[in-house]
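Here the structure comes first, spelled out in structure tokens, and everything after it is commentary.
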Amino acid sequence: MKHAYKMLLMAAALISASRSWADTLSTHRIPAALAVEAANETVAACARQGYRETAVVLDADGAIIVALRGDGAGIHTLDSAHDKAYTAVSFKNDTLALTERAKGEDSIAPLAKLPHVMFFGGGVVIKLGDEVIGSIGASGAPGAKFDDGCAHAGLEKIRDQLR
């Protein structure tokens, strides 16, 4: 009887353990080396156009992997680039597209009152398939579309290496 009770307890533990394993989520992360490449290219792409840019790359949770303030970029660009990247990764969408959602009847504009949320172009998501694994924020160019273009240049630099 004692042996049967122990076997029953062991079976229950195994079933419980296998169930908890099945309930875990598989996630991917952007490696630091790729984040550095993306930030470098973002800043370089804007520098080639004569803009002093800052790039911030975040992981899927919104934590900073790398922040690169290009030569001559204003100090405010660190916060702006971070907030654009944070907004992109939080909303799982590029900030240029989110600016459109911030207009009109069903506007998300009130959410801009939340800390670090900025509906202004220059934040792009980094995806592995359909999964958002990070984001790039760019700030310093004379306009949101220029920042967006530089962030996309950073994304293109690493796109083929995302696996």
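To be explicit about the labels: the chains of the structure tokens are called A, B, and onward in the order shown, and within each one the residues are counted from 1, while ligands get numbers from 1 in the order they are shown.
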
Inset, instruction - Write out as a list in words each polymer residue whose atoms come within 12 Å of Ala109 of chain A, counting only C-alpha atoms; drop sequence neighbours fewer than 4 positions from it. - result: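 Here the qualifying residues turn out to be Leu98, Thr99, Glu100, Arg101, Ala102, Lys103, Gly104, Glu105, Lys113, Leu114, Val117, Met118, Phe119 and Phe120 of chain A.
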
Name the residues of segment 34-91 of chain A that come out as helix (DSSP H, G or I) in a backbone DSSP run; write them as a compact mmCIF listing (two decimals) with N, CA and C atoms, in the first residue's frame.
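In the end it all went to selection-v4.txt:
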```txt
# COMPACT_ATOMS: atom_id res chain seq x y z
N LEU A 34 24.26 42.30 -32.43
CA LEU A 34 23.37 42.81 -33.48
C LEU A 34 22.79 44.16 -33.10
N ALA A 35 22.50 44.35 -31.83
CA ALA A 35 21.99 45.64 -31.37
C ALA A 35 23.02 46.73 -31.62
N VAL A 36 24.27 46.44 -31.36
CA VAL A 36 25.35 47.41 -31.60
C VAL A 36 25.45 47.73 -33.09
N GLU A 37 25.38 46.70 -33.93
CA GLU A 37 25.42 46.93 -35.39
C GLU A 37 24.26 47.82 -35.84
N ALA A 38 23.08 47.54 -35.34
CA ALA A 38 21.90 48.32 -35.72
C ALA A 38 22.05 49.77 -35.28
N ALA A 39 22.52 49.99 -34.06
CA ALA A 39 22.70 51.35 -33.55
C ALA A 39 23.77 52.09 -34.37
N ASN A 40 24.88 51.42 -34.65
CA ASN A 40 25.95 52.03 -35.45
C ASN A 40 25.44 52.46 -36.82
N GLU A 41 24.69 51.58 -37.47
CA GLU A 41 24.20 51.90 -38.81
C GLU A 41 23.15 53.00 -38.77
N THR A 42 22.33 53.03 -37.75
CA THR A 42 21.33 54.09 -37.61
C THR A 42 22.01 55.45 -37.53
N VAL A 43 23.01 55.55 -36.67
CA VAL A 43 23.74 56.82 -36.51
C VAL A 43 24.51 57.15 -37.79
N ALA A 44 25.15 56.14 -38.40
CA ALA A 44 25.94 56.37 -39.62
C ALA A 44 25.07 56.80 -40.79
N ALA A 45 23.89 56.19 -40.93
CA ALA A 45 22.99 56.54 -42.03
C ALA A 45 22.58 58.01 -41.95
N CYS A 46 22.31 58.48 -40.75
CA CYS A 46 21.95 59.89 -40.60
C CYS A 46 23.17 60.79 -40.78
N ALA A 47 24.33 60.36 -40.30
CA ALA A 47 25.55 61.15 -40.46
C ALA A 47 25.87 61.36 -41.95
N ARG A 48 25.63 60.33 -42.76
CA ARG A 48 25.88 60.46 -44.21
C ARG A 48 24.97 61.52 -44.84
N HIS A 76 19.26 65.90 -25.52
CA HIS A 76 17.85 65.50 -25.47
C HIS A 76 17.56 64.31 -26.36
N THR A 77 18.42 64.05 -27.34
CA THR A 77 18.16 62.96 -28.28
C THR A 77 18.26 61.59 -27.61
N LEU A 78 18.99 61.50 -26.50
CA LEU A 78 19.05 60.23 -25.77
C LEU A 78 17.66 59.84 -25.25
N ASP A 79 16.99 60.81 -24.63
CA ASP A 79 15.64 60.53 -24.10
C ASP A 79 14.64 60.31 -25.23
N SER A 80 14.73 61.12 -26.26
CA SER A 80 13.79 61.01 -27.37
C SER A 80 13.94 59.67 -28.10
N ALA A 81 15.16 59.27 -28.39
CA ALA A 81 15.39 57.98 -29.07
C ALA A 81 14.90 56.83 -28.20
N HIS A 82 15.17 56.91 -26.90
CA HIS A 82 14.70 55.86 -25.99
C HIS A 82 13.18 55.77 -26.02
N ASP A 83 12.51 56.93 -25.91
CA ASP A 83 11.05 56.92 -25.83
C ASP A 83 10.41 56.43 -27.14
N LYS A 84 11.03 56.74 -28.26
CA LYS A 84 10.51 56.23 -29.54
C LYS A 84 10.66 54.72 -29.60
N ALA A 85 11.82 54.21 -29.19
CA ALA A 85 12.03 52.75 -29.18
C ALA A 85 11.08 52.08 -28.19
N TYR A 86 10.91 52.69 -27.02
CA TYR A 86 10.02 52.14 -25.99
C TYR A 86 8.57 52.07 -26.50
N THR A 87 8.14 53.13 -27.15
CA THR A 87 6.78 53.16 -27.69
C THR A 87 6.60 52.08 -28.75
N ALA A 88 7.58 51.96 -29.65
CA ALA A 88 7.49 50.95 -30.71
C ALA A 88 7.39 49.55 -30.14
N VAL A 89 8.26 49.22 -29.19
CA VAL A 89 8.25 47.86 -28.64
C VAL A 89 7.01 47.63 -27.78
N SER A 90 6.55 48.65 -27.07
CA SER A 90 5.37 48.49 -26.22
C SER A 90 4.10 48.27 -27.03
N PHE A 91 3.97 49.03 -28.13
CA PHE A 91 2.78 48.93 -28.96
C PHE A 91 2.95 47.95 -30.12
```

Inset, instruction - Write out as a ChimeraX atom specification each polymer residue whose atoms come within 10 Å of Phe146 of chain A, counting only C-alpha atoms; drop sequence neighbours fewer than 5 positions from it. - result: /A:45-46,49,51,121-122,138-141,151-152

Now that the selection is made, can you save its residues with all heavy atoms as a CSV table (one decimal), in the first residue's frame?
```csv
chain,number,residue,atom,x,y,z
A,45,ALA,N,23.9,56.2,-40.9
A,45,ALA,CA,23.0,56.5,-42.0
A,45,ALA,C,22.6,58.0,-41.9
A,45,ALA,O,22.5,58.7,-43.0
A,45,ALA,CB,21.7,55.6,-42.0
A,46,CYS,N,22.3,58.5,-40.8
A,46,CYS,CA,22.0,59.9,-40.6
A,46,CYS,C,23.2,60.8,-40.8
A,46,CYS,O,23.1,61.9,-41.4
A,46,CYS,CB,21.3,60.1,-39.2
A,46,CYS,SG,19.5,60.0,-39.3
A,49,GLN,N,23.9,61.8,-44.2
A,49,GLN,CA,22.9,62.8,-44.7
A,49,GLN,C,23.2,64.2,-44.0
A,49,GLN,O,22.4,65.1,-44.2
A,49,GLN,CB,21.5,62.4,-44.4
A,49,GLN,CG,21.1,61.1,-45.2
A,49,GLN,CD,19.8,60.6,-44.8
A,49,GLN,OE1,18.8,61.3,-45.0
A,49,GLN,NE2,19.7,59.5,-44.1
A,51,TYR,N,23.1,64.6,-40.6
A,51,TYR,CA,22.3,64.7,-39.3
A,51,TYR,C,23.1,64.2,-38.2
A,51,TYR,O,23.7,63.1,-38.3
A,51,TYR,CB,21.0,64.0,-39.5
A,51,TYR,CG,20.2,64.4,-40.7
A,51,TYR,CD1,19.5,63.4,-41.4
A,51,TYR,CD2,20.1,65.7,-41.1
A,51,TYR,CE1,18.8,63.7,-42.5
A,51,TYR,CE2,19.3,66.0,-42.3
A,51,TYR,CZ,18.7,65.0,-43.0
A,51,TYR,OH,18.0,65.4,-44.1
A,121,GLY,N,7.5,59.7,-35.3
A,121,GLY,CA,8.3,58.8,-36.1
A,121,GLY,C,9.8,58.7,-35.6
A,121,GLY,O,10.4,59.7,-35.1
A,122,GLY,N,10.3,57.5,-35.8
A,122,GLY,CA,11.7,57.3,-35.5
A,122,GLY,C,11.9,56.0,-34.6
A,122,GLY,O,13.0,55.6,-34.3
A,138,ALA,N,15.4,56.3,-33.0
A,138,ALA,CA,16.4,57.3,-33.6
A,138,ALA,C,15.9,58.7,-33.4
A,138,ALA,O,14.7,59.0,-33.5
A,138,ALA,CB,16.5,57.0,-35.1
A,139,SER,N,16.8,59.6,-33.0
A,139,SER,CA,16.4,61.0,-32.8
A,139,SER,C,17.6,61.9,-33.1
A,139,SER,O,18.8,61.5,-32.9
A,139,SER,CB,16.0,61.2,-31.3
A,139,SER,OG,15.7,62.5,-31.1
A,140,GLY,N,17.3,63.1,-33.7
A,140,GLY,CA,18.3,64.0,-34.0
A,140,GLY,C,18.2,64.6,-35.4
A,140,GLY,O,18.7,65.7,-35.6
A,141,ALA,N,17.6,63.9,-36.3
A,141,ALA,CA,17.4,64.4,-37.7
A,141,ALA,C,16.3,65.5,-37.6
A,141,ALA,O,15.5,65.6,-36.7
A,141,ALA,CB,17.0,63.3,-38.6
A,151,ALA,N,16.5,54.8,-38.7
A,151,ALA,CA,16.2,53.6,-37.9
A,151,ALA,C,16.0,52.4,-38.8
A,151,ALA,O,16.5,51.3,-38.5
A,151,ALA,CB,15.0,53.9,-37.0
A,152,HIS,N,15.3,52.6,-39.9
A,152,HIS,CA,15.1,51.5,-40.8
A,152,HIS,C,16.4,51.1,-41.4
A,152,HIS,O,16.6,49.9,-41.7
A,152,HIS,CB,14.1,51.9,-41.9
A,152,HIS,CG,12.7,51.6,-41.5
A,152,HIS,ND1,11.8,52.5,-40.9
A,152,HIS,CD2,12.0,50.4,-41.5
A,152,HIS,CE1,10.7,52.0,-40.6
A,152,HIS,NE2,10.7,50.7,-41.0
```

Inset, instruction - Enter the distance from atom CA of Lys145 of chain A to atom CA of Ala73 of chain A, in Å, rounded to one decimal. - result: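 Answer for the atom CA of Lys145 of chain A to atom CA of Ala73 of chain A separation: 17.3 Å.
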
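With only C-alpha atoms as the atoms that count, the minimum distance from Val125 of chain A to the choices A:Arg52, A:Lys92, A:Arg69, A:Arg163 is reached by A:Lys92.
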
Inset, instruction - From a DSSP pass on the backbone, collect the residues of chain A flagged as strand (DSSP E) and hand them back as a VMD selection string. - result: chain A and resid 54 to 59 64 to 69 123 to 128 131 to 139

Legend entry - Atomic separation - atom CA of Gly123 of chain A relative to atom CA of Asp94 of chain A, Å: 5.5 Å

Residue contacts of Gln161 of chain A (12 Å, only C-alpha atoms) excluding same-chain residues fewer than 3 positions away, as a PDB file with N, CA and C atoms, in the first residue's frame:
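And here's around_2.pdb as it stands now:
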```pdb
ATOM      1  N   ILE A  30      17.214  39.740 -29.096  1.00  0.00           N
ATOM      2  CA  ILE A  30      18.199  40.242 -30.042  1.00  0.00           C
ATOM      3  C   ILE A  30      19.554  40.243 -29.332  1.00  0.00           C
ATOM      4  N   PRO A  31      20.560  39.623 -29.923  1.00  0.00           N
ATOM      5  CA  PRO A  31      21.882  39.601 -29.299  1.00  0.00           C
ATOM      6  C   PRO A  31      22.503  41.001 -29.244  1.00  0.00           C
ATOM      7  N   ALA A  33      25.460  42.004 -29.894  1.00  0.00           N
ATOM      8  CA  ALA A  33      26.285  42.322 -31.069  1.00  0.00           C
ATOM      9  C   ALA A  33      25.435  42.866 -32.214  1.00  0.00           C
ATOM     10  N   LEU A  34      24.259  42.300 -32.428  1.00  0.00           N
ATOM     11  CA  LEU A  34      23.369  42.805 -33.482  1.00  0.00           C
ATOM     12  C   LEU A  34      22.795  44.164 -33.102  1.00  0.00           C
ATOM     13  N   ALA A  35      22.498  44.348 -31.831  1.00  0.00           N
ATOM     14  CA  ALA A  35      21.985  45.637 -31.373  1.00  0.00           C
ATOM     15  C   ALA A  35      23.019  46.734 -31.616  1.00  0.00           C
ATOM     16  N   GLU A  37      25.376  46.703 -33.925  1.00  0.00           N
ATOM     17  CA  GLU A  37      25.418  46.928 -35.387  1.00  0.00           C
ATOM     18  C   GLU A  37      24.264  47.815 -35.840  1.00  0.00           C
ATOM     19  N   ALA A  38      23.080  47.543 -35.336  1.00  0.00           N
ATOM     20  CA  ALA A  38      21.900  48.320 -35.719  1.00  0.00           C
ATOM     21  C   ALA A  38      22.048  49.775 -35.280  1.00  0.00           C
ATOM     22  N   ILE A 126      11.812  45.521 -34.212  1.00  0.00           N
ATOM     23  CA  ILE A 126      12.669  44.468 -34.753  1.00  0.00           C
ATOM     24  C   ILE A 126      11.901  43.173 -34.563  1.00  0.00           C
ATOM     25  N   LYS A 127      11.660  42.474 -35.669  1.00  0.00           N
ATOM     26  CA  LYS A 127      10.859  41.248 -35.603  1.00  0.00           C
ATOM     27  C   LYS A 127      11.636  40.033 -36.075  1.00  0.00           C
ATOM     28  N   LEU A 128      11.299  38.919 -35.494  1.00  0.00           N
ATOM     29  CA  LEU A 128      11.738  37.613 -35.950  1.00  0.00           C
ATOM     30  C   LEU A 128      10.455  36.911 -36.360  1.00  0.00           C
ATOM     31  N   LEU A 155      17.865  48.746 -39.037  1.00  0.00           N
ATOM     32  CA  LEU A 155      17.158  47.460 -39.098  1.00  0.00           C
ATOM     33  C   LEU A 155      17.605  46.667 -40.316  1.00  0.00           C
ATOM     34  N   GLU A 156      17.707  47.319 -41.457  1.00  0.00           N
ATOM     35  CA  GLU A 156      18.135  46.625 -42.687  1.00  0.00           C
ATOM     36  C   GLU A 156      19.535  46.035 -42.542  1.00  0.00           C
ATOM     37  N   LYS A 157      20.392  46.717 -41.801  1.00  0.00           N
ATOM     38  CA  LYS A 157      21.769  46.245 -41.610  1.00  0.00           C
ATOM     39  C   LYS A 157      21.794  44.866 -40.949  1.00  0.00           C
ATOM     40  N   ILE A 158      20.852  44.601 -40.067  1.00  0.00           N
ATOM     41  CA  ILE A 158      20.873  43.340 -39.320  1.00  0.00           C
ATOM     42  C   ILE A 158      19.811  42.345 -39.763  1.00  0.00           C
TER      43      ILE A 158
END
```
